[in-house]
Amino acid sequence: MRAARLMSLVLLLQGRGGMTAAELAGELEVSERTVHRDVLALSEAGIPVYADRGRGGGYRLLDGYRTRLTGLDRAEAEALFLSGVPGALREMGLAEVAATARLKAAAALSPALRDAPAVAAQRFHLDAPGWFAGDDPPPAALAPLARAVWTDHRVRAVYKDTPRTLEPYGLVLKAGAWYLAARLSSRFLIFRVHRFGEISVLGEPFERDQDFDLAAFWAGQSAEFSRSLLRDVVTLRLSERGLRMLRHVADPAALDDALASLRPDGTVRLAVESAHVAYSQVLRFGPEAEVLDPPELRALVADAATRMAALYGDPPPAHLGTRD
């Protein structure tokens, strides 16, 4: 633990040129007293670190000194590619490995490029979870599953009260929820991580199928799942503006088929999840869509239009008008 901290201290100084004891303590999450002891240990080991006295002083490395500790090991190199998703790294237990990898990468840059990580961080940020997602702790199964994914080891897991032996191929974070892509017997399946019970990482490595493409598999499964939800079909007549609105209203999985069904008079057949969902979708079109079928949905929209017309038939009461 201390060896990793000493290496991080050297890399911080090499990457930033100089830092105060307070700044180093904050980065390393230790006390300033520990920083002073670590600097002394580095000096005794022959690392040319020295203290700048006076106001604005701190610790620096001798000009021209470059550590050879900047090579990435496998875990660091793999974690570096996930460094743009800090929340996911923390939940998988990889935050410390990724932090060391970033320090090594920064230290290896030429002096003219040392501000590149900070410049990028100031301009781009990835916020993966959806809006209004709670700040819930990650599923307990996530960390052991992540270890098994990285090391290609089988797991014995209880999923929906059923014990299974799985070959975990990859993890997907979708709108704040974690999913596992795993092989069960000869089939690849998707599992929701929060539905796992007890997890045991077995001492049995498995031979990974090198043709498996996690991104392509997830895209295919997502599309299939989306299509499976579209159990009903409604027929609409759209205005020109309604046709332009279609891609913003329709479920993405239904859009291509809807456009393929388009007739010269603006009639389209739109796959929907249910009449309730279709009602909400049609209302978004406003007067740019007419429901032709089914009759039940047409009646619901007609009733909504009648009630809306009643609401807007008269001007609002004077006391609710706009104020200067």
# chains A, B, ... in the order shown; residues from 1 in each chain; ligands from 1
>>> residues_around(residues="Thr151 in chain A", least_positions_apart="3", cutoff="12 Å", atoms="only C-alpha atoms", output="list in words")
Arg74, Ala75, Glu78, Pro144, Leu145, Ala146, Arg147, Ala148, Arg154, Val155, Glu167, Pro168, Tyr169, Gly170, Val201, Leu202, Gly203, Glu204, Pro205, Phe206, Glu207 and Arg208 of chain A
>>> residues_around(residues="range 216-230 of chain A", least_positions_apart="3", cutoff="12 Å", atoms="only C-alpha atoms", output="number ranges by chain")
A: 169-174, 179-183, 187-191, 211-213, 233-234, 250-257, 270-275, 277-278
>>> select_by_dssp(residues="range 121-240 of chain A", states="alpha helix (DSSP H)", output="ChimeraX atom specification")
/A:121-123,142-151,214-229,240
>>> atom_distance(atom1="CA of Leu246 in chain A", atom2="CA of Ala309 in chain A")
23.7 Å
>>> residues_around(residues="Asp52 in chain A", least_positions_apart="5", cutoff="10 Å", atoms="only C-alpha atoms", output="PyMOL selection string")
chain A and resi 18-20+57-60
>>> atom_distance(atom1="CA of Glu296 in chain A", atom2="CA of Tyr279 in chain A")
10.1 Å
>>> decode(residues="range 201-232 of chain A", atoms="N, CA and C atoms", output="PDB file, in the first residue's frame")
ATOM      1  N   VAL A 201     -16.918 -16.620  -6.890  1.00  0.00           N
ATOM      2  CA  VAL A 201     -16.005 -16.696  -8.030  1.00  0.00           C
ATOM      3  C   VAL A 201     -15.235 -18.004  -7.910  1.00  0.00           C
ATOM      4  N   LEU A 202     -15.387 -18.871  -8.874  1.00  0.00           N
ATOM      5  CA  LEU A 202     -14.769 -20.197  -8.825  1.00  0.00           C
ATOM      6  C   LEU A 202     -13.322 -20.133  -9.302  1.00  0.00           C
ATOM      7  N   GLY A 203     -12.542 -21.078  -8.856  1.00  0.00           N
ATOM      8  CA  GLY A 203     -11.155 -21.155  -9.309  1.00  0.00           C
ATOM      9  C   GLY A 203     -11.040 -21.874 -10.626  1.00  0.00           C
ATOM     10  N   GLU A 204     -11.971 -21.603 -11.527  1.00  0.00           N
ATOM     11  CA  GLU A 204     -12.033 -22.285 -12.816  1.00  0.00           C
ATOM     12  C   GLU A 204     -12.040 -21.262 -13.943  1.00  0.00           C
ATOM     13  N   PRO A 205     -10.908 -21.007 -14.577  1.00  0.00           N
ATOM     14  CA  PRO A 205     -10.928 -20.107 -15.738  1.00  0.00           C
ATOM     15  C   PRO A 205     -11.654 -20.773 -16.899  1.00  0.00           C
ATOM     16  N   PHE A 206     -12.272 -19.951 -17.725  1.00  0.00           N
ATOM     17  CA  PHE A 206     -12.928 -20.490 -18.912  1.00  0.00           C
ATOM     18  C   PHE A 206     -12.266 -19.914 -20.158  1.00  0.00           C
ATOM     19  N   GLU A 207     -12.428 -20.626 -21.256  1.00  0.00           N
ATOM     20  CA  GLU A 207     -11.855 -20.199 -22.533  1.00  0.00           C
ATOM     21  C   GLU A 207     -12.831 -19.235 -23.198  1.00  0.00           C
ATOM     22  N   ARG A 208     -12.432 -17.985 -23.312  1.00  0.00           N
ATOM     23  CA  ARG A 208     -13.309 -16.953 -23.882  1.00  0.00           C
ATOM     24  C   ARG A 208     -13.435 -17.124 -25.394  1.00  0.00           C
ATOM     25  N   ASP A 209     -14.645 -16.997 -25.895  1.00  0.00           N
ATOM     26  CA  ASP A 209     -14.901 -17.012 -27.337  1.00  0.00           C
ATOM     27  C   ASP A 209     -14.389 -15.690 -27.909  1.00  0.00           C
ATOM     28  N   GLN A 210     -13.318 -15.739 -28.689  1.00  0.00           N
ATOM     29  CA  GLN A 210     -12.696 -14.524 -29.197  1.00  0.00           C
ATOM     30  C   GLN A 210     -13.558 -13.796 -30.210  1.00  0.00           C
ATOM     31  N   ASP A 211     -14.588 -14.454 -30.734  1.00  0.00           N
ATOM     32  CA  ASP A 211     -15.482 -13.801 -31.694  1.00  0.00           C
ATOM     33  C   ASP A 211     -16.613 -13.036 -31.007  1.00  0.00           C
ATOM     34  N   PHE A 212     -16.715 -13.173 -29.687  1.00  0.00           N
ATOM     35  CA  PHE A 212     -17.803 -12.493 -28.974  1.00  0.00           C
ATOM     36  C   PHE A 212     -17.537 -10.995 -28.946  1.00  0.00           C
ATOM     37  N   ASP A 213     -18.528 -10.202 -29.380  1.00  0.00           N
ATOM     38  CA  ASP A 213     -18.440  -8.744 -29.420  1.00  0.00           C
ATOM     39  C   ASP A 213     -19.502  -8.204 -28.463  1.00  0.00           C
ATOM     40  N   LEU A 214     -19.056  -7.693 -27.313  1.00  0.00           N
ATOM     41  CA  LEU A 214     -19.988  -7.261 -26.271  1.00  0.00           C
ATOM     42  C   LEU A 214     -20.921  -6.158 -26.775  1.00  0.00           C
ATOM     43  N   ALA A 215     -20.357  -5.144 -27.453  1.00  0.00           N
ATOM     44  CA  ALA A 215     -21.179  -4.024 -27.921  1.00  0.00           C
ATOM     45  C   ALA A 215     -22.232  -4.495 -28.920  1.00  0.00           C
ATOM     46  N   ALA A 216     -21.833  -5.354 -29.860  1.00  0.00           N
ATOM     47  CA  ALA A 216     -22.773  -5.840 -30.866  1.00  0.00           C
ATOM     48  C   ALA A 216     -23.831  -6.742 -30.229  1.00  0.00           C
ATOM     49  N   PHE A 217     -23.412  -7.584 -29.284  1.00  0.00           N
ATOM     50  CA  PHE A 217     -24.364  -8.467 -28.604  1.00  0.00           C
ATOM     51  C   PHE A 217     -25.393  -7.655 -27.836  1.00  0.00           C
ATOM     52  N   TRP A 218     -24.927  -6.636 -27.110  1.00  0.00           N
ATOM     53  CA  TRP A 218     -25.852  -5.801 -26.333  1.00  0.00           C
ATOM     54  C   TRP A 218     -26.820  -5.056 -27.252  1.00  0.00           C
ATOM     55  N   ALA A 219     -26.302  -4.524 -28.361  1.00  0.00           N
ATOM     56  CA  ALA A 219     -27.167  -3.805 -29.300  1.00  0.00           C
ATOM     57  C   ALA A 219     -28.257  -4.728 -29.844  1.00  0.00           C
ATOM     58  N   GLY A 220     -27.880  -5.948 -30.189  1.00  0.00           N
ATOM     59  CA  GLY A 220     -28.857  -6.899 -30.707  1.00  0.00           C
ATOM     60  C   GLY A 220     -29.898  -7.275 -29.668  1.00  0.00           C
ATOM     61  N   GLN A 221     -29.443  -7.527 -28.437  1.00  0.00           N
ATOM     62  CA  GLN A 221     -30.368  -7.884 -27.369  1.00  0.00           C
ATOM     63  C   GLN A 221     -31.308  -6.733 -27.031  1.00  0.00           C
ATOM     64  N   SER A 222     -30.762  -5.509 -27.032  1.00  0.00           N
ATOM     65  CA  SER A 222     -31.586  -4.329 -26.725  1.00  0.00           C
ATOM     66  C   SER A 222     -32.666  -4.140 -27.773  1.00  0.00           C
ATOM     67  N   ALA A 223     -32.275  -4.271 -29.046  1.00  0.00           N
ATOM     68  CA  ALA A 223     -33.246  -4.108 -30.123  1.00  0.00           C
ATOM     69  C   ALA A 223     -34.329  -5.184 -30.057  1.00  0.00           C
ATOM     70  N   GLU A 224     -33.911  -6.418 -29.785  1.00  0.00           N
ATOM     71  CA  GLU A 224     -34.875  -7.517 -29.682  1.00  0.00           C
ATOM     72  C   GLU A 224     -35.836  -7.294 -28.516  1.00  0.00           C
ATOM     73  N   PHE A 225     -35.289  -6.828 -27.382  1.00  0.00           N
ATOM     74  CA  PHE A 225     -36.133  -6.555 -26.215  1.00  0.00           C
ATOM     75  C   PHE A 225     -37.129  -5.434 -26.513  1.00  0.00           C
ATOM     76  N   SER A 226     -36.641  -4.369 -27.166  1.00  0.00           N
ATOM     77  CA  SER A 226     -37.527  -3.247 -27.495  1.00  0.00           C
ATOM     78  C   SER A 226     -38.652  -3.691 -28.418  1.00  0.00           C
ATOM     79  N   ARG A 227     -38.300  -4.504 -29.420  1.00  0.00           N
ATOM     80  CA  ARG A 227     -39.327  -4.988 -30.355  1.00  0.00           C
ATOM     81  C   ARG A 227     -40.343  -5.892 -29.653  1.00  0.00           C
ATOM     82  N   SER A 228     -39.875  -6.667 -28.668  1.00  0.00           N
ATOM     83  CA  SER A 228     -40.778  -7.590 -27.978  1.00  0.00           C
ATOM     84  C   SER A 228     -41.846  -6.855 -27.173  1.00  0.00           C
ATOM     85  N   LEU A 229     -41.565  -5.596 -26.817  1.00  0.00           N
ATOM     86  CA  LEU A 229     -42.538  -4.815 -26.050  1.00  0.00           C
ATOM     87  C   LEU A 229     -43.648  -4.251 -26.920  1.00  0.00           C
ATOM     88  N   LEU A 230     -43.411  -4.177 -28.227  1.00  0.00           N
ATOM     89  CA  LEU A 230     -44.367  -3.536 -29.141  1.00  0.00           C
ATOM     90  C   LEU A 230     -45.394  -4.566 -29.602  1.00  0.00           C
ATOM     91  N   ARG A 231     -46.420  -4.758 -28.786  1.00  0.00           N
ATOM     92  CA  ARG A 231     -47.382  -5.840 -29.031  1.00  0.00           C
ATOM     93  C   ARG A 231     -48.606  -5.392 -29.819  1.00  0.00           C
ATOM     94  N   ASP A 232     -48.873  -4.096 -29.877  1.00  0.00           N
ATOM     95  CA  ASP A 232     -50.068  -3.597 -30.560  1.00  0.00           C
ATOM     96  C   ASP A 232     -49.670  -2.688 -31.723  1.00  0.00           C
TER      97      ASP A 232
END
